[in-house]
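J.: See coords-v7.cif below, with mmCIF, C-alpha atoms.
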```cif
data_structure
#
loop_
_atom_site.label_atom_id
_atom_site.label_comp_id
_atom_site.auth_asym_id
_atom_site.auth_seq_id
_atom_site.Cartn_x
_atom_site.Cartn_y
_atom_site.Cartn_z
CA MET P 25 39.71 10.80 1.60
CA LYS P 26 36.02 11.64 1.79
CA SER P 27 34.91 14.40 4.11
CA PRO P 28 32.94 13.39 7.22
CA ALA P 29 30.00 15.47 6.00
CA ALA P 30 29.88 13.59 2.68
CA LEU P 31 30.07 10.26 4.47
CA LEU P 32 27.29 11.27 6.85
CA LEU P 33 25.13 12.40 3.94
CA ALA P 34 25.68 9.11 2.12
CA CYS P 35 24.74 7.13 5.24
CA LEU P 36 21.56 9.14 5.64
CA LEU P 37 20.52 8.81 2.00
CA LEU P 38 21.27 5.13 1.37
CA PRO P 39 18.38 3.62 3.40
CA GLY P 40 15.85 5.85 1.65
CA MET P 41 17.29 5.07 -1.77
CA ALA P 42 17.14 1.34 -1.11
CA GLY P 43 13.46 1.59 -0.24
CA ALA P 44 12.74 3.64 -3.32
CA GLN P 45 14.51 1.13 -5.53
CA ALA P 46 12.76 -1.89 -4.05
CA SER P 47 10.28 -3.19 -6.57
CA PRO P 48 8.10 -5.82 -4.95
CA ASP P 49 6.26 -8.24 -7.18
CA ARG P 50 2.70 -6.97 -6.85
CA HIS P 51 0.77 -9.81 -8.43
CA THR P 52 -2.23 -7.64 -9.31
CA GLY P 53 -2.91 -9.77 -12.37
CA ASP P 54 -2.17 -6.83 -14.69
CA ALA P 55 1.41 -6.07 -15.75
CA TRP P 56 0.59 -2.42 -16.56
CA VAL P 57 -0.79 -1.84 -13.06
CA ASP P 58 2.16 -3.67 -11.48
CA ALA P 59 4.57 -1.35 -13.30
CA ARG P 60 2.64 1.78 -12.32
CA LEU P 61 2.61 0.74 -8.66
CA ALA P 62 6.39 0.31 -8.74
CA ASP P 63 6.66 3.77 -10.32
CA ILE P 64 4.37 5.20 -7.64
CA ASP P 65 6.87 3.90 -5.06
CA VAL P 66 9.58 5.93 -6.79
CA TYR P 67 7.37 9.03 -7.06
CA ALA P 68 6.31 8.90 -3.41
CA ALA P 69 9.91 8.51 -2.25
CA THR P 70 10.60 11.94 -3.76
CA TYR P 71 7.21 13.64 -3.43
CA ARG P 72 5.81 12.14 -0.24
CA ASP P 73 3.56 15.10 0.59
CA ALA P 74 2.02 15.13 -2.89
CA PHE P 75 1.41 11.39 -2.63
CA VAL P 76 -0.26 11.71 0.77
CA ASP P 77 -2.34 14.64 -0.53
CA GLU P 78 -3.45 12.51 -3.51
CA MET P 79 -4.58 9.70 -1.25
CA ALA P 80 -6.46 12.01 1.11
CA ARG P 81 -8.03 14.26 -1.51
CA TYR P 82 -8.88 11.89 -4.35
CA HIS P 83 -8.98 8.45 -2.75
CA ARG P 84 -10.84 9.45 0.42
CA ALA P 85 -8.21 7.98 2.74
CA PRO P 86 -7.62 9.82 6.01
CA ARG P 87 -4.19 11.46 5.91
CA GLU P 88 -3.19 9.91 9.25
CA PHE P 89 -4.13 6.46 7.99
CA VAL P 90 -2.06 6.90 4.83
CA LEU P 91 0.93 7.86 6.97
CA GLU P 92 0.28 4.86 9.21
CA LEU P 93 0.23 2.50 6.21
CA LEU P 94 3.44 4.00 4.83
CA ALA P 95 5.11 3.26 8.17
CA ARG P 96 3.91 -0.37 8.29
CA PRO P 97 6.52 -3.01 7.54
CA GLY P 98 5.92 -4.59 4.14
CA TRP P 99 3.82 -1.70 2.81
CA THR P 100 5.01 0.58 0.02
CA ALA P 101 3.40 3.67 -1.46
CA GLY P 102 2.25 1.52 -4.39
CA ASP P 103 0.53 -0.83 -1.96
CA VAL P 104 -1.20 2.09 -0.24
CA TYR P 105 -2.31 3.48 -3.60
CA TYR P 106 -3.63 0.11 -4.75
CA ALA P 107 -5.44 -0.66 -1.49
CA CYS P 108 -7.18 2.71 -1.50
CA SER P 109 -7.96 2.47 -5.23
CA LEU P 110 -9.50 -0.99 -4.80
CA ALA P 111 -11.46 0.33 -1.84
CA GLN P 112 -12.75 3.29 -3.82
CA GLN P 113 -13.93 1.05 -6.68
CA ALA P 114 -15.50 -1.43 -4.23
CA GLY P 115 -17.30 1.33 -2.32
CA ARG P 116 -15.42 0.55 0.89
CA PRO P 117 -13.13 2.56 3.12
CA CYS P 118 -9.41 2.22 2.44
CA ARG P 119 -8.94 0.92 5.98
CA ALA P 120 -11.26 -2.03 5.27
CA VAL P 121 -9.23 -3.15 2.24
CA ALA P 122 -5.92 -2.54 4.03
CA ASP P 123 -7.17 -4.67 6.93
CA LEU P 124 -8.11 -7.46 4.50
CA ARG P 125 -4.60 -7.40 3.08
CA GLY P 126 -3.06 -7.27 6.52
CA ALA P 127 -5.18 -10.18 7.70
CA THR P 128 -4.14 -12.41 4.79
CA PRO P 129 -0.69 -11.33 3.59
CA THR P 130 0.03 -14.59 1.74
CA PRO P 131 -2.48 -14.22 -1.11
CA GLY P 132 -1.41 -11.58 -3.60
CA TRP P 133 -3.26 -8.46 -4.54
CA ASP P 134 -4.90 -10.40 -7.39
CA THR P 135 -6.71 -12.63 -4.87
CA LEU P 136 -7.86 -9.67 -2.81
CA ALA P 137 -9.06 -7.80 -5.91
CA HIS P 138 -10.92 -10.91 -7.07
CA ASP P 139 -12.63 -11.19 -3.68
CA LEU P 140 -13.77 -7.58 -4.11
CA GLY P 141 -15.06 -8.31 -7.63
CA LEU P 142 -12.32 -6.20 -9.20
CA MET P 143 -10.33 -8.65 -11.27
CA PRO P 144 -8.54 -7.54 -14.44
CA GLY P 145 -11.00 -7.12 -17.28
CA SER P 146 -13.90 -6.14 -15.01
CA PRO P 147 -15.48 -2.69 -15.39
CA GLY P 148 -14.34 -1.72 -11.88
CA PHE P 149 -10.75 -2.72 -12.57
CA HIS P 150 -10.82 -0.77 -15.83
CA ALA P 151 -12.08 2.28 -13.91
CA LEU P 152 -9.19 1.81 -11.47
CA LYS P 153 -6.73 1.84 -14.37
CA ARG P 154 -8.29 5.01 -15.80
CA GLU P 155 -7.92 6.63 -12.38
CA VAL P 156 -4.20 5.80 -12.38
CA VAL P 157 -3.84 7.80 -15.61
CA THR P 158 -5.78 10.68 -14.03
CA THR P 159 -3.50 10.55 -10.99
CA TYR P 160 -0.44 10.77 -13.23
CA ASP P 161 -2.01 13.80 -14.93
CA ARG P 162 -2.46 15.53 -11.57
CA TRP P 163 1.20 14.82 -10.79
CA ALA P 164 2.26 16.06 -14.26
CA ARG P 165 3.96 12.68 -14.64
CA PRO P 166 4.09 11.06 -18.08
CA VAL P 167 2.39 7.71 -18.46
CA ARG P 168 2.08 5.30 -21.37
CA VAL P 169 -1.15 3.35 -21.64
CA ASP P 170 -1.65 -0.30 -22.47
CA ALA P 171 -3.88 -1.61 -25.26
CA GLU P 172 -6.91 -1.73 -22.95
CA LEU P 173 -6.56 1.94 -21.94
CA ALA P 174 -5.74 3.10 -25.47
CA ARG P 175 -9.47 3.10 -26.24
CA ASP P 176 -10.05 5.64 -23.46
CA PHE P 177 -6.90 7.66 -24.14
CA PRO P 178 -6.29 7.42 -27.91
CA GLN P 179 -3.88 10.38 -27.97
CA ARG P 180 -1.54 8.91 -25.36
CA PRO P 181 1.58 6.95 -26.24
CA ARG P 182 1.17 3.22 -25.74
CA GLU P 183 3.42 0.84 -23.83
CA ALA P 184 4.07 -1.07 -27.05
CA ASP P 185 5.24 2.17 -28.68
CA LYS P 186 8.34 2.42 -26.47
CA PRO P 187 11.39 3.27 -28.55
CA ALA P 188 13.89 0.43 -28.87
CA LYS P 189 17.07 0.80 -26.82
#
```
Can I see the file as structure tokens?

T.:
Amino acid sequence: MKSPAALLLACLLLPGMAGAQASPDRHTGDAWVDARLADIDVYAATYRDAFVDEMARYHRAPREFVLELLARPGWTAGDVYYACSLAQQAGRPCRAVADLRGATPTPGWDTLAHDLGLMPGSPGFHALKREVVTTYDRWARPVRVDAELARDFPQRPREADKPAK
């Protein structure tokens, strides 16, 4: 028989673990970015303060607003990261991009990015991807790059170089 303390601990941890394991389909138009945003969800579930610090310090998002977005139904840490990254590349406040997404939840992130002129393959979108790598460096988190980023980071392992299982 399990102890009451162990049962209580399991009940407290399960909701948080379910949220961390949820991997929404991002539809950014770039599989590499989609995978990084899902990984950012996992990272932020464990290192919430570091994630919030990243958004405030390097993505110019007010700390209180980041916390507000994280508390909104349907928003994950990856969504917050992507909204603020798009905003930074578009020269807009994070709140403006978050409001656009909130106003039209049906279109995916790819539609919103396109409306901001930041579709995959554009210089702004490429800059966004480079910033993701820089973020991972600040977090001391390993990241493999895709073929597009390999030109900017030739010493990094590539997604295609994953060892076979």

J.: On this file, the PyMOL selection byres ((chain P and resi 160-177) around 9) gives some set of residues; write that set as a list in words.

T.: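 When the PyMOL selection byres ((chain P and resi 160-177) around 9) is applied to the shown file, the picked residues are Trp56, Arg60, Ala74, Phe75, Glu78, Gly145, His150, Lys153, Arg154, Glu155, Val156, Val157, Thr158, Thr159, Pro178, Gln179, Arg180, Pro181, Arg182, Glu183, Ala184, Asp185 and Lys186 of chain P.
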
J.: Tell me which of P:Ala137, P:Val57, P:Leu91, P:Leu110 sits closest to Arg72 (chain P), counting all atoms listed in the file.

T.: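 So, comparing all the options, the nearest one is P:Leu91.
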
J.: Just give me the gap between CA of Asp58 (chain P) and CA of Pro97 (chain P) in Å, one decimal is fine.

T.: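 We find that CA of Asp58 (chain P) and CA of Pro97 (chain P) lie 19.5 Å from each other.
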
J.: Using all atoms listed in the file, can you tell me which of P:Gly126, P:Ile64, P:Trp133, P:Ala59 comes closest to Gly98 (chain P)?

T.: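 Nearest candidate to Gly98 (chain P) out of P:Gly126, P:Ile64, P:Trp133, P:Ala59: P:Gly126.
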
J.: Interatomic distance between CA of Arg87 (chain P) and CA of Thr135 (chain P)?

T.: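 Between these atoms lies a distance of 26.5 Å.
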
J.: Might you spell out which residues the PyMOL selection byres ((chain P and resi 120) around 12) would select in the displayed file, as a short mmCIF file (atom, residue, chain, number, x, y, z; two decimals) with C-alpha atoms, in the frame of the given file?

T.:
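Below is the file that was written, result15.cif:
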```
data_model
loop_
_atom_site.label_atom_id
_atom_site.label_comp_id
_atom_site.auth_asym_id
_atom_site.auth_seq_id
_atom_site.Cartn_x
_atom_site.Cartn_y
_atom_site.Cartn_z
CA ALA P 85 -8.21 7.98 2.74
CA PHE P 89 -4.13 6.46 7.99
CA ALA P 107 -5.44 -0.66 -1.49
CA CYS P 108 -7.18 2.71 -1.50
CA SER P 109 -7.96 2.47 -5.23
CA LEU P 110 -9.50 -0.99 -4.80
CA ALA P 111 -11.46 0.33 -1.84
CA GLN P 112 -12.75 3.29 -3.82
CA ALA P 114 -15.50 -1.43 -4.23
CA GLY P 115 -17.30 1.33 -2.32
CA ARG P 116 -15.42 0.55 0.89
CA PRO P 117 -13.13 2.56 3.12
CA CYS P 118 -9.41 2.22 2.44
CA ARG P 119 -8.94 0.92 5.98
CA VAL P 121 -9.23 -3.15 2.24
CA ALA P 122 -5.92 -2.54 4.03
CA ASP P 123 -7.17 -4.67 6.93
CA LEU P 124 -8.11 -7.46 4.50
CA ARG P 125 -4.60 -7.40 3.08
CA GLY P 126 -3.06 -7.27 6.52
CA ALA P 127 -5.18 -10.18 7.70
CA LEU P 136 -7.86 -9.67 -2.81
CA LEU P 140 -13.77 -7.58 -4.11
#
```

J.: Mind giving me the straight-line distance from CA of Gly141 (chain P) to CA of His51 (chain P) in Å, one decimal?

T.: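 CA of His51 (chain P) lies at a distance of 15.9 Å from CA of Gly141 (chain P).
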
J.: Looking at only C-alpha atoms, which of P:Ala101, P:His83, P:Thr52, P:Leu94 is the one that sits closest to Ala68 (chain P)?

T.: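 Among the listed residues, P:Ala101 lies closest to Ala68 (chain P).
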
J.: I'd like the box whose edges run along x, y and z of the file and which contains every listed atom of region 130-141 of chain P, padded by 4 Å per side; could you state its centre and edge lengths in Å, one decimal, as JSON?

T.:
```
{"center_x": -7.5, "center_y": -11.1, "center_z": -2.9, "size_x": 23.1, "size_y": 15.0, "size_z": 17.4}
```
